[in-house]
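> Okay, so here is final35.txt, and as you'll see once you scroll down, it has compact mmCIF, C-alpha atoms.
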# COMPACT_ATOMS: atom_id res chain seq x y z
CA MET A 276 -136.86 -140.37 135.98
CA LYS A 277 -135.43 -136.88 135.68
CA ALA A 278 -134.94 -133.95 138.03
CA LEU A 279 -134.38 -130.22 137.67
CA ILE A 280 -132.48 -128.37 140.39
CA LEU A 281 -133.04 -124.60 140.49
CA VAL A 282 -129.52 -123.31 141.07
CA GLY A 283 -130.20 -119.77 139.91
CA GLY A 284 -128.14 -116.80 140.92
CA PHE A 285 -125.13 -115.50 142.72
CA GLY A 286 -125.69 -116.71 146.29
CA THR A 287 -125.23 -113.17 147.63
CA ARG A 288 -126.64 -114.05 151.07
CA LEU A 289 -123.85 -116.60 151.62
CA ARG A 290 -121.02 -114.27 150.68
CA PRO A 291 -118.06 -114.34 151.24
CA LEU A 292 -118.19 -118.15 150.72
CA THR A 293 -119.89 -117.76 147.33
CA LEU A 294 -117.11 -115.47 146.12
CA SER A 295 -115.00 -118.63 145.85
CA PHE A 296 -117.57 -121.22 144.73
CA PRO A 297 -121.11 -121.15 143.32
CA LYS A 298 -123.51 -121.64 146.25
CA PRO A 299 -124.48 -125.27 145.46
CA LEU A 300 -120.79 -126.21 145.69
CA VAL A 301 -120.31 -124.64 149.13
CA ASP A 302 -119.68 -127.44 151.62
CA PHE A 303 -122.45 -128.45 154.00
CA ALA A 304 -121.67 -131.27 156.45
CA ASN A 305 -118.44 -132.00 154.53
CA LYS A 306 -119.83 -132.24 151.02
CA PRO A 307 -121.17 -129.74 148.48
CA MET A 308 -124.80 -128.81 149.24
CA ILE A 309 -126.06 -129.98 145.88
CA LEU A 310 -124.51 -133.42 146.29
CA HIS A 311 -126.86 -134.22 149.20
CA GLN A 312 -129.74 -133.73 146.75
CA ILE A 313 -128.18 -135.56 143.80
CA GLU A 314 -127.35 -138.62 145.95
CA ALA A 315 -130.93 -138.77 147.29
CA LEU A 316 -132.36 -138.46 143.76
CA LYS A 317 -130.09 -141.24 142.53
CA GLU A 318 -131.40 -143.51 145.31
CA VAL A 319 -134.97 -143.37 143.95
CA GLY A 320 -133.93 -144.09 140.38
CA VAL A 321 -133.37 -140.62 138.87
CA THR A 322 -130.97 -141.06 135.94
CA GLU A 323 -130.62 -137.46 134.75
CA VAL A 324 -130.28 -134.22 136.68
CA VAL A 325 -130.62 -130.86 134.92
CA LEU A 326 -129.15 -127.80 136.67
CA ALA A 327 -131.00 -124.56 135.88
CA ILE A 328 -128.28 -121.98 136.23
CA ASN A 329 -127.42 -118.43 135.23
CA TYR A 330 -124.03 -118.06 136.90
CA ARG A 331 -120.70 -119.77 136.09
CA PRO A 332 -122.08 -123.02 134.61
CA GLU A 333 -118.59 -124.16 133.56
CA VAL A 334 -117.45 -124.24 137.22
CA MET A 335 -120.46 -126.37 138.18
CA ILE A 336 -120.14 -128.78 135.30
CA ASN A 337 -116.38 -129.30 135.65
CA PHE A 338 -116.82 -129.97 139.33
CA LEU A 339 -119.76 -132.35 138.96
CA LYS A 340 -118.19 -134.36 136.11
CA ASP A 341 -116.31 -136.39 138.76
CA PHE A 342 -119.57 -137.25 140.49
CA GLU A 343 -121.33 -138.25 137.25
CA ASP A 344 -119.05 -141.27 137.01
CA LYS A 345 -119.03 -142.08 140.73
CA LEU A 346 -122.82 -141.95 141.00
CA GLY A 347 -123.63 -143.20 137.50
CA ILE A 348 -125.99 -140.30 136.82
CA THR A 349 -126.09 -137.77 133.94
CA ILE A 350 -125.74 -134.12 134.97
CA THR A 351 -126.42 -131.38 132.43
CA CYS A 352 -126.90 -127.61 132.55
CA SER A 353 -129.69 -125.46 131.23
CA GLN A 354 -128.30 -121.94 131.14
CA GLU A 355 -130.43 -118.81 131.38
CA THR A 356 -129.19 -115.69 129.65
CA GLU A 357 -131.51 -113.60 131.85
CA PRO A 358 -132.96 -114.53 135.26
CA LEU A 359 -136.19 -116.45 134.59
CA GLY A 360 -137.58 -116.71 138.12
CA THR A 361 -138.62 -120.11 139.48
CA ALA A 362 -140.88 -121.28 136.62
CA GLY A 363 -139.18 -119.88 133.50
CA PRO A 364 -136.25 -122.33 133.87
CA LEU A 365 -138.70 -125.26 133.54
CA ALA A 366 -139.89 -123.94 130.18
CA LEU A 367 -136.27 -123.39 129.11
CA ALA A 368 -135.30 -126.97 130.04
CA ARG A 369 -138.47 -128.51 128.56
CA ASP A 370 -136.62 -130.57 125.92
CA LYS A 371 -134.33 -132.03 128.57
CA LEU A 372 -137.21 -132.91 130.92
CA VAL A 373 -139.76 -134.42 128.52
CA ASP A 374 -138.85 -137.73 126.92
CA GLY A 375 -142.31 -138.92 125.96
CA SER A 376 -142.51 -141.46 128.80
CA GLY A 377 -145.12 -139.39 130.66
CA GLU A 378 -143.16 -139.96 133.89
CA PRO A 379 -143.27 -137.13 136.43
CA PHE A 380 -140.06 -135.22 137.18
CA PHE A 381 -138.66 -133.66 140.35
CA VAL A 382 -137.99 -129.94 140.80
CA LEU A 383 -135.84 -128.84 143.77
CA ASN A 384 -134.59 -125.55 145.18
CA SER A 385 -130.85 -126.00 145.60
CA ASP A 386 -130.76 -124.37 149.08
CA VAL A 387 -133.06 -126.90 150.73
CA ILE A 388 -131.65 -129.46 153.15
CA SER A 389 -133.93 -132.21 154.48
CA GLU A 390 -134.23 -136.00 154.68
CA TYR A 391 -135.51 -135.97 151.06
CA PRO A 392 -138.29 -138.58 151.34
CA PHE A 393 -138.50 -138.95 147.55
CA ALA A 394 -139.78 -142.55 147.55
CA GLU A 395 -142.79 -141.53 149.70
CA LEU A 396 -143.33 -138.50 147.46
CA ILE A 397 -143.51 -140.66 144.30
CA LYS A 398 -145.98 -143.02 145.99
CA PHE A 399 -148.19 -140.13 147.19
CA HIS A 400 -148.09 -138.42 143.78
CA LYS A 401 -149.08 -141.54 141.87
CA GLY A 402 -151.81 -142.25 144.44
CA HIS A 403 -153.71 -138.95 144.18
CA GLY A 404 -153.78 -138.74 140.40
CA GLY A 405 -153.37 -134.95 140.31
CA GLU A 406 -151.01 -132.98 138.12
CA ALA A 407 -148.47 -131.78 140.67
CA THR A 408 -147.33 -132.45 144.24
CA ILE A 409 -145.50 -129.97 146.44
CA MET A 410 -143.85 -130.84 149.73
CA VAL A 411 -144.80 -128.61 152.64
CA THR A 412 -143.18 -128.21 156.03
CA LYS A 413 -144.66 -127.00 159.31
CA VAL A 414 -143.24 -123.79 160.78
CA ASP A 415 -143.74 -122.02 164.10
CA GLU A 416 -143.97 -118.53 162.58
CA PRO A 417 -146.13 -118.81 159.42
CA SER A 418 -146.66 -115.04 159.07
CA LYS A 419 -143.16 -114.69 157.54
CA TYR A 420 -143.96 -117.04 154.65
CA GLY A 421 -146.45 -117.97 151.97
CA VAL A 422 -148.82 -120.45 153.61
CA VAL A 423 -150.29 -123.44 151.80
CA VAL A 424 -153.95 -124.00 152.74
CA MET A 425 -154.87 -127.64 152.11
CA GLU A 426 -157.41 -130.35 152.89
CA GLU A 427 -155.91 -132.41 155.71
CA ALA A 428 -157.50 -135.69 154.63
CA THR A 429 -156.55 -135.75 150.95
CA GLY A 430 -153.71 -133.22 150.77
CA ARG A 431 -155.45 -131.29 147.98
CA VAL A 432 -154.28 -127.67 147.95
CA ASP A 433 -157.05 -125.12 148.21
CA ARG A 434 -155.10 -121.86 147.99
CA PHE A 435 -151.96 -119.93 148.93
CA VAL A 436 -151.88 -117.02 151.36
CA GLU A 437 -148.82 -114.76 151.27
CA LYS A 438 -147.56 -113.66 154.73
CA PRO A 439 -150.97 -114.04 156.44
CA LYS A 440 -151.98 -111.48 159.08
CA ILE A 441 -154.40 -113.93 160.70
CA PHE A 442 -153.74 -117.65 161.20
CA VAL A 443 -154.77 -119.75 158.18
CA GLY A 444 -152.36 -122.64 158.68
CA ASN A 445 -148.74 -123.41 159.49
CA LYS A 446 -147.59 -125.26 156.37
CA ILE A 447 -145.25 -123.61 153.90
CA ASN A 448 -143.80 -124.61 150.55
CA ALA A 449 -140.63 -126.66 151.17
CA GLY A 450 -139.18 -126.16 147.67
CA ILE A 451 -139.46 -129.83 146.61
CA TYR A 452 -141.93 -130.74 143.84
CA LEU A 453 -142.97 -133.70 141.70
CA LEU A 454 -144.68 -132.56 138.49
CA ASN A 455 -146.34 -134.28 135.56
CA PRO A 456 -145.01 -133.19 132.14
CA SER A 457 -148.39 -131.50 131.45
CA VAL A 458 -147.42 -128.79 133.98
CA LEU A 459 -144.93 -127.51 131.38
CA ASP A 460 -147.85 -126.58 129.10
CA ARG A 461 -148.86 -124.01 131.73
CA ILE A 462 -145.47 -122.23 131.74
CA GLU A 463 -144.34 -119.62 129.24
CA LEU A 464 -140.68 -118.97 128.48
CA ARG A 465 -140.39 -115.67 130.37
CA PRO A 466 -139.43 -114.58 133.89
CA THR A 467 -142.20 -116.14 135.96
CA SER A 468 -142.80 -117.56 139.45
CA ILE A 469 -143.88 -121.15 139.99
CA GLU A 470 -145.14 -120.31 143.50
CA LYS A 471 -147.14 -117.19 142.62
CA GLU A 472 -148.33 -117.92 139.06
CA VAL A 473 -148.21 -121.62 138.19
CA PHE A 474 -149.21 -123.41 141.40
CA PRO A 475 -152.25 -121.19 142.18
CA GLN A 476 -153.52 -121.95 138.66
CA ILE A 477 -153.14 -125.74 139.16
CA ALA A 478 -154.78 -125.42 142.60
CA ALA A 479 -157.73 -123.57 141.03
CA ASP A 480 -158.17 -126.60 138.73
CA GLN A 481 -158.07 -128.83 141.87
CA LYS A 482 -155.05 -130.73 140.54
CA LEU A 483 -152.42 -129.63 143.07
CA TYR A 484 -151.64 -131.76 146.13
CA ALA A 485 -149.34 -131.26 149.10
CA MET A 486 -147.49 -133.81 151.20
CA VAL A 487 -146.23 -132.87 154.65
CA LEU A 488 -142.48 -133.39 154.82
CA PRO A 489 -141.49 -135.80 157.58
CA GLY A 490 -138.34 -134.94 159.52
CA PHE A 491 -136.40 -131.70 159.42
CA TRP A 492 -136.25 -128.95 156.78
CA MET A 493 -134.06 -125.89 156.36
CA ASP A 494 -133.28 -123.39 153.63
CA VAL A 495 -129.54 -122.99 154.21
CA GLY A 496 -129.08 -120.02 151.86
CA GLN A 497 -127.89 -117.68 154.62
CA PRO A 498 -125.36 -118.11 157.44
CA ARG A 499 -127.66 -118.27 160.48
CA ASP A 500 -129.90 -120.82 158.77
CA TYR A 501 -126.84 -122.73 157.55
CA ILE A 502 -125.70 -123.21 161.17
CA THR A 503 -129.25 -124.21 162.25
CA GLY A 504 -129.47 -126.56 159.26
CA LEU A 505 -126.23 -128.25 160.31
CA ARG A 506 -127.67 -128.92 163.77
CA LEU A 507 -130.83 -130.43 162.28
CA TYR A 508 -128.85 -132.49 159.76
CA LEU A 509 -126.55 -133.91 162.45
CA ASP A 510 -129.57 -134.70 164.67
CA SER A 511 -131.06 -136.63 161.78
CA LEU A 512 -127.74 -138.41 161.15
CA ARG A 513 -127.67 -139.45 164.83
CA LYS A 514 -131.05 -141.18 164.33
CA LYS A 515 -130.28 -142.75 160.94
CA SER A 516 -126.57 -143.63 160.92
CA ALA A 517 -124.95 -142.69 164.22
CA ALA A 518 -121.77 -144.61 163.29
CA ARG A 519 -120.81 -141.76 160.95
CA LEU A 520 -120.55 -139.32 163.88
CA ALA A 521 -117.37 -138.86 165.90
CA THR A 522 -117.03 -140.36 169.38
CA GLY A 523 -114.52 -139.95 172.19
CA ALA A 524 -113.76 -138.09 175.39
CA HIS A 525 -113.17 -134.85 173.47
CA VAL A 526 -116.59 -134.97 171.71
CA VAL A 527 -119.80 -133.39 173.05
CA GLY A 528 -123.08 -133.97 171.17
CA ASN A 529 -123.17 -134.44 167.39
CA VAL A 530 -119.88 -133.94 165.59
CA LEU A 531 -118.89 -134.93 162.05
CA VAL A 532 -115.15 -135.26 161.40
CA HIS A 533 -113.65 -136.20 158.04
CA GLU A 534 -111.29 -139.18 158.32
CA SER A 535 -108.37 -137.15 156.94
CA ALA A 536 -108.68 -134.41 159.61
CA LYS A 537 -106.21 -134.38 162.52
CA ILE A 538 -107.30 -133.43 166.04
CA GLY A 539 -104.83 -132.66 168.84
CA GLU A 540 -104.84 -133.41 172.57
CA GLY A 541 -107.13 -131.81 175.12
CA CYS A 542 -109.68 -130.45 172.65
CA LEU A 543 -113.38 -130.09 173.34
CA ILE A 544 -115.46 -130.37 170.17
CA GLY A 545 -119.23 -130.06 169.85
CA PRO A 546 -122.09 -129.87 169.81
CA ASP A 547 -123.05 -129.41 166.14
CA VAL A 548 -119.65 -129.21 164.49
CA ALA A 549 -118.47 -130.36 161.04
CA ILE A 550 -114.72 -130.64 160.39
CA GLY A 551 -113.78 -131.10 156.75
CA PRO A 552 -111.05 -133.01 154.90
CA GLY A 553 -107.40 -132.17 155.54
CA CYS A 554 -108.10 -129.94 158.55
CA THR A 555 -105.68 -129.64 161.45
CA VAL A 556 -107.04 -128.86 164.89
CA GLU A 557 -104.18 -128.33 167.34
CA ASP A 558 -104.14 -129.02 171.10
CA GLY A 559 -106.64 -127.44 173.48
CA VAL A 560 -109.02 -126.08 170.85
CA ARG A 561 -112.71 -125.51 171.66
CA LEU A 562 -115.26 -125.78 168.82
CA SER A 563 -119.06 -125.56 169.03
CA ARG A 564 -121.87 -124.95 166.50
CA CYS A 565 -119.53 -124.30 163.61
CA THR A 566 -118.32 -125.57 160.26
CA VAL A 567 -114.62 -125.88 159.54
CA MET A 568 -114.09 -126.40 155.81
CA ARG A 569 -111.45 -128.28 153.87
CA GLY A 570 -107.78 -127.54 154.62
CA VAL A 571 -108.31 -125.25 157.63
CA ARG A 572 -105.72 -125.03 160.42
CA ILE A 573 -106.86 -124.07 163.91
CA LYS A 574 -103.97 -123.35 166.24
CA LYS A 575 -103.61 -124.16 169.94
CA HIS A 576 -106.28 -123.03 172.40
CA ALA A 577 -108.39 -121.17 169.84
CA CYS A 578 -112.12 -121.03 170.55
CA ILE A 579 -114.74 -120.98 167.76
CA SER A 580 -118.53 -120.92 168.14
CA ASN A 581 -121.50 -120.10 165.87
CA SER A 582 -119.24 -119.44 162.92
CA ILE A 583 -118.18 -120.70 159.49
CA ILE A 584 -114.48 -121.05 158.70
CA GLY A 585 -113.88 -121.09 154.92
CA TRP A 586 -111.49 -123.29 152.97
CA HIS A 587 -107.75 -123.20 153.77
CA SER A 588 -108.07 -120.50 156.43
CA THR A 589 -105.98 -120.31 159.60
CA VAL A 590 -107.11 -119.34 163.08
CA GLY A 591 -104.26 -118.28 165.38
CA GLN A 592 -103.42 -119.42 168.92
CA TRP A 593 -105.81 -118.23 171.64
CA ALA A 594 -107.98 -116.51 169.03
CA ARG A 595 -111.70 -116.28 169.74
CA ILE A 596 -114.17 -116.43 166.85
CA GLU A 597 -117.90 -116.15 167.57
CA ASN A 598 -121.36 -114.68 166.86
CA MET A 599 -121.77 -115.61 163.16
CA THR A 600 -118.25 -114.78 162.09
CA ILE A 601 -117.73 -115.97 158.53
CA LEU A 602 -114.23 -116.31 157.16
CA GLY A 603 -114.02 -116.56 153.37
CA GLU A 604 -111.47 -118.75 151.63
CA ASP A 605 -107.81 -118.41 152.72
CA VAL A 606 -108.31 -115.94 155.59
CA HIS A 607 -105.62 -115.79 158.26
CA VAL A 608 -106.58 -114.69 161.76
CA CYS A 609 -103.53 -113.82 163.84
CA ASP A 610 -102.84 -115.05 167.40
CA GLU A 611 -105.05 -113.71 170.22
CA VAL A 612 -107.42 -111.90 167.84
CA TYR A 613 -111.14 -111.69 168.72
CA SER A 614 -113.90 -111.66 166.09
CA ASN A 615 -117.45 -110.78 167.10
CA GLY A 616 -119.49 -111.40 163.94
CA GLY A 617 -116.85 -110.35 161.43
CA VAL A 618 -117.58 -111.24 157.80
CA VAL A 619 -114.18 -111.47 156.14
CA LEU A 620 -113.63 -111.59 152.38
CA PRO A 621 -111.20 -114.13 150.89
CA HIS A 622 -107.39 -113.86 151.09
CA LYS A 623 -107.26 -111.45 154.03
CA GLU A 624 -105.03 -111.35 157.09
CA ILE A 625 -106.74 -110.18 160.29
CA LYS A 626 -104.25 -108.63 162.70
CA SER A 627 -106.58 -106.71 165.01
CA SER A 628 -109.83 -107.65 166.72
CA ILE A 629 -113.28 -107.16 165.17
CA LEU A 630 -115.34 -105.94 168.12
CA LYS A 631 -118.75 -105.65 166.47
CA PRO A 632 -120.34 -107.35 163.46
CA GLU A 633 -118.92 -105.79 160.29
CA ILE A 634 -117.68 -106.70 156.81
CA VAL A 635 -113.91 -106.71 156.38
CA MET A 636 -112.95 -106.02 152.79
Go ahead and express the file in the form of C-alpha cells.


Amino acid sequence: MKALILVGGFGTRLRPLTLSFPKPLVDFANKPMILHQIEALKEVGVTEVVLAINYRPEVMINFLKDFEDKLGITITCSQETEPLGTAGPLALARDKLVDGSGEPFFVLNSDVISEYPFAELIKFHKGHGGEATIMVTKVDEPSKYGVVVMEEATGRVDRFVEKPKIFVGNKINAGIYLLNPSVLDRIELRPTSIEKEVFPQIAADQKLYAMVLPGFWMDVGQPRDYITGLRLYLDSLRKKSAARLATGAHVVGNVLVHESAKIGEGCLIGPDVAIGPGCTVEDGVRLSRCTVMRGVRIKKHACISNSIIGWHSTVGQWARIENMTILGEDVHVCDEVYSNGGVVLPHKEIKSSILKPEIVM
C-alpha cells in the first residue's frame, strides 16, 4: 500500500519554530510530527510514503533518509511549483500513487495527531465498497468547522455543511482518508480543494463513506492546539503503554522524558510535559503543560507553564515563562526574567521581561 502526506506550505502558524525546521519536522512528544504518522502507516503494511510539498523538500528528504532505513519504508517527494490546494497534489503525484494493483491509498494532513486506527479504516473501507472513506471526529463546537452529515447506520456521507448556523451534526473531517485509485480521475492538475470540490462530488454519487475516529484527535498546526494535542497524546499513551511515561516523586500526571535528559533534585514536573533528548533540567525547576525540545538547558528554580521551548535554548535561574510563550531555536532567557506570552524568534537573548504577549524580533 501507499500513502500521500499533504505537507504543503510554510507552517506560518507555528513560527518561530518553523523558521528552523519545516513544520512536519518540528518535534511533538520527542519526535518529528510526521514520524508519528509514518510509523503508524508502516504498521499496517504501507511500503511507500509520498510527501506532497512546496517548501524546502531537500531538508525533508535529507532528514527522512535516516528513517527510511530504520523503518524499511520508501519516502519520496512530490514537489509543487505553485500551491495546489489539498486535491491538486494528488493529481501531481498520480504516477507515484497508482501502480496498477487497484489497492486504495491513504491521504493524510501532516498536522493531524491521533491514534491513527488505520487497520480499522482499511477494514471499514473494504466493507462498504464505496470509492472513498474519510475519517471524522466529534467536536463540541461544530459551527467553527465544515460539518459532515452522514447516515449513522452505514456511514454513507450525505453532504457537507460549511460552518453551520443551525445544528446539523457534530462530526468534522479529521484529515485522514483512504481512497480508491479511481478518485484520481476526478481531480484535475490545478489548485483545487479535496474537501470543497472532490468529496462533495463523490458524496453526490453516493460513493463517499465516513468512519468516526475512535480516541483523540487534534490539528497541532498552531501553538495552543499543539499544547492541547500533547495532553491528549500523553493521556492516550497512559492507556496504551504507560511504561513509556516517567515516574517518581518529582512527577505529577503524564510526563515524557527522553532517556538522555538529566533532571536535578527537588524538581516538580507535570502534568503534560515532554522533555527531549540531551536536555538539562537543574535543581528546583517547575514544569507544567509544556514541551522542552532537544538540547535545552533550564537553570535552577525556573518555572515554565503552557509554553514551548525550542531547540538548544536556555532559561535562566528563577525565570518565569508562561501563557503560550514560544521560544524559537537557540533563545537565551536571562536570570529572573518573566515572559507572559512572548513569541521569540531564533538566536535571541532576552534580558528584560516581556509583560504582555508580543513578538520579539

> Any idea what's packed within 7 Å of Ile447 (chain A), counting all atoms listed in the file, ignoring anything in its chain fewer than 5 positions away? Could you give it as an MDAnalysis selection string?

chainID A and resid 411:413 420:423

> Name all residues at most 8 Å from region 390-392 of chain A (count all atoms listed in the file; drop same-chain ones fewer than 4 positions away) and give them as a PDB file with C-alpha atoms, in the frame of the given file.


ATOM      1  CA  GLN A 312    -129.740-133.730 146.750  1.00  0.00           C
ATOM      2  CA  ALA A 315    -130.930-138.770 147.290  1.00  0.00           C
ATOM      3  CA  LEU A 396    -143.330-138.500 147.460  1.00  0.00           C
ATOM      4  CA  LEU A 488    -142.480-133.390 154.820  1.00  0.00           C
ATOM      5  CA  PRO A 489    -141.490-135.800 157.580  1.00  0.00           C
ATOM      6  CA  GLY A 490    -138.340-134.940 159.520  1.00  0.00           C
ATOM      7  CA  PHE A 491    -136.400-131.700 159.420  1.00  0.00           C
ATOM      8  CA  TRP A 492    -136.250-128.950 156.780  1.00  0.00           C
ATOM      9  CA  SER A 511    -131.060-136.630 161.780  1.00  0.00           C
TER      10      SER A 511
END

> Can you tell me how far CA of Lys298 (chain A) sits from CA of Ser385 (chain A), in Å to one decimal?

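Interatomic distance, CA of Lys298 (chain A) to CA of Ser385 (chain A): 8.6 Å.
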
> Got a sec: who's within 12 Å of Gln476 (chain A), counting all atoms listed in the file, leaving out chain neighbours fewer than 5 positions off, as an MDAnalysis selection string?

chainID A and resid 406:407 432:435 458 461:462 468:471 481:483

> Measuring atom to atom with only C-alpha atoms, identify which of A:Ile309, A:Val473, A:Val414, A:Ile280 is nearest to Asn445 (chain A).

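That would be A:Val414, the residue with the smallest distance to Asn445 (chain A).
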
> Identify, on the basis of all atoms listed in the file, every residue whose closest approach to Ser535 (chain A) does not exceed 8 Å; exclude the query and any residue fewer than 2 positions from it along the same chain; express the result as an MDAnalysis selection string.

chainID A and resid 533 537 552:554

> At a cut-off of 7 Å, using all atoms listed in the file, what residues contact Gly450 (chain A)? Leave out same-chain residues fewer than 3 positions from it and give the result as a short mmCIF file (atom, residue, chain, number, x, y, z; two decimals) with C-alpha atoms, in the frame of the given file.


data_model
loop_
_atom_site.label_atom_id
_atom_site.label_comp_id
_atom_site.auth_asym_id
_atom_site.auth_seq_id
_atom_site.Cartn_x
_atom_site.Cartn_y
_atom_site.Cartn_z
CA LEU A 383 -135.84 -128.84 143.77
CA ASN A 384 -134.59 -125.55 145.18
CA VAL A 387 -133.06 -126.90 150.73
CA MET A 410 -143.85 -130.84 149.73
#

> Name the closest residue to Pro299 (chain A) among the candidates A:Tyr452, A:Ala549, A:His311, A:Glu333; distances are taken between atoms, counting only C-alpha atoms.

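So, comparing all the options, the nearest one is A:His311.
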
> One decimal, Å: what's the distance from CA of Ile441 (chain A) over to CA of Met493 (chain A), could you say?

24.0 Å

> One number please: CA of Leu505 (chain A) to CA of Ser353 (chain A), in Å, one decimal.

29.4 Å

> Taking only C-alpha atoms into account, which of A:Phe303, A:Val548, A:Met276, A:Gly430 comes nearest Leu454 (chain A)?

A:Met276

> Between A:Leu509, A:Ala394, A:Val443, A:Val382, which is the closest to Ala304 (chain A) once you count all atoms listed in the file?

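For Ala304 (chain A), the nearest of the candidates is A:Leu509.
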
> Could you build a table of the residues in region 497-606 of chain A lying no more than 12 Å from region 630-633 of chain A, giving for each the nearest pair of atoms and their separation in Å rounded to one decimal place, using all atoms listed in the file, ordered by chain and ascending residue number, as JSON lines?


{"residue": "A:Arg595", "atom": "CA", "partner": "A:Leu630", "partner_atom": "CA", "distance": 11.1}
{"residue": "A:Ile596", "atom": "CA", "partner": "A:Leu630", "partner_atom": "CA", "distance": 10.6}
{"residue": "A:Glu597", "atom": "CA", "partner": "A:Pro632", "partner_atom": "CA", "distance": 10.0}
{"residue": "A:Asn598", "atom": "CA", "partner": "A:Pro632", "partner_atom": "CA", "distance": 8.1}
{"residue": "A:Met599", "atom": "CA", "partner": "A:Pro632", "partner_atom": "CA", "distance": 8.4}
{"residue": "A:Thr600", "atom": "CA", "partner": "A:Pro632", "partner_atom": "CA", "distance": 7.8}
{"residue": "A:Ile601", "atom": "CA", "partner": "A:Pro632", "partner_atom": "CA", "distance": 10.3}
{"residue": "A:Leu602", "atom": "CA", "partner": "A:Glu633", "partner_atom": "CA", "distance": 11.9}

> Could you add the missing atoms to region 533-539 of chain A, up to all heavy atoms, and return them as a compact mmCIF listing (two decimals), in the frame of the given file?


# COMPACT_ATOMS: atom_id res chain seq x y z
N HIS A 533 -114.15 -135.45 159.19
CA HIS A 533 -113.65 -136.20 158.04
C HIS A 533 -112.46 -137.05 158.46
O HIS A 533 -111.65 -136.63 159.29
CB HIS A 533 -113.22 -135.22 156.93
CG HIS A 533 -112.97 -135.90 155.63
ND1 HIS A 533 -111.74 -136.42 155.28
CD2 HIS A 533 -113.79 -136.19 154.58
CE1 HIS A 533 -111.82 -136.98 154.07
NE2 HIS A 533 -113.05 -136.84 153.63
N GLU A 534 -112.35 -138.24 157.86
CA GLU A 534 -111.29 -139.18 158.32
C GLU A 534 -109.89 -138.64 158.11
O GLU A 534 -108.95 -139.04 158.80
CB GLU A 534 -111.44 -140.55 157.63
CG GLU A 534 -111.16 -140.56 156.14
CD GLU A 534 -112.39 -140.89 155.29
OE1 GLU A 534 -113.50 -140.98 155.85
OE2 GLU A 534 -112.23 -141.04 154.07
N SER A 535 -109.72 -137.67 157.19
CA SER A 535 -108.37 -137.15 156.94
C SER A 535 -108.01 -135.96 157.85
O SER A 535 -106.91 -135.42 157.76
CB SER A 535 -108.24 -136.73 155.47
OG SER A 535 -109.15 -135.67 155.19
N ALA A 536 -108.96 -135.54 158.70
CA ALA A 536 -108.68 -134.41 159.61
C ALA A 536 -107.88 -134.90 160.81
O ALA A 536 -108.03 -136.05 161.24
CB ALA A 536 -109.98 -133.77 160.06
N LYS A 537 -107.03 -134.02 161.35
CA LYS A 537 -106.21 -134.38 162.52
C LYS A 537 -106.62 -133.51 163.71
O LYS A 537 -106.69 -132.29 163.57
CB LYS A 537 -104.73 -134.17 162.22
CG LYS A 537 -104.19 -135.08 161.13
CD LYS A 537 -102.67 -134.89 160.96
CE LYS A 537 -102.08 -135.86 159.95
NZ LYS A 537 -102.64 -135.69 158.59
N ILE A 538 -106.86 -134.17 164.85
CA ILE A 538 -107.30 -133.43 166.04
C ILE A 538 -106.31 -133.68 167.17
O ILE A 538 -105.97 -134.83 167.47
CB ILE A 538 -108.73 -133.86 166.42
CG1 ILE A 538 -109.66 -133.40 165.30
CG2 ILE A 538 -109.15 -133.26 167.75
CD1 ILE A 538 -111.10 -133.70 165.47
N GLY A 539 -105.86 -132.57 167.80
CA GLY A 539 -104.83 -132.66 168.84
C GLY A 539 -105.36 -133.11 170.20
O GLY A 539 -106.51 -133.54 170.34
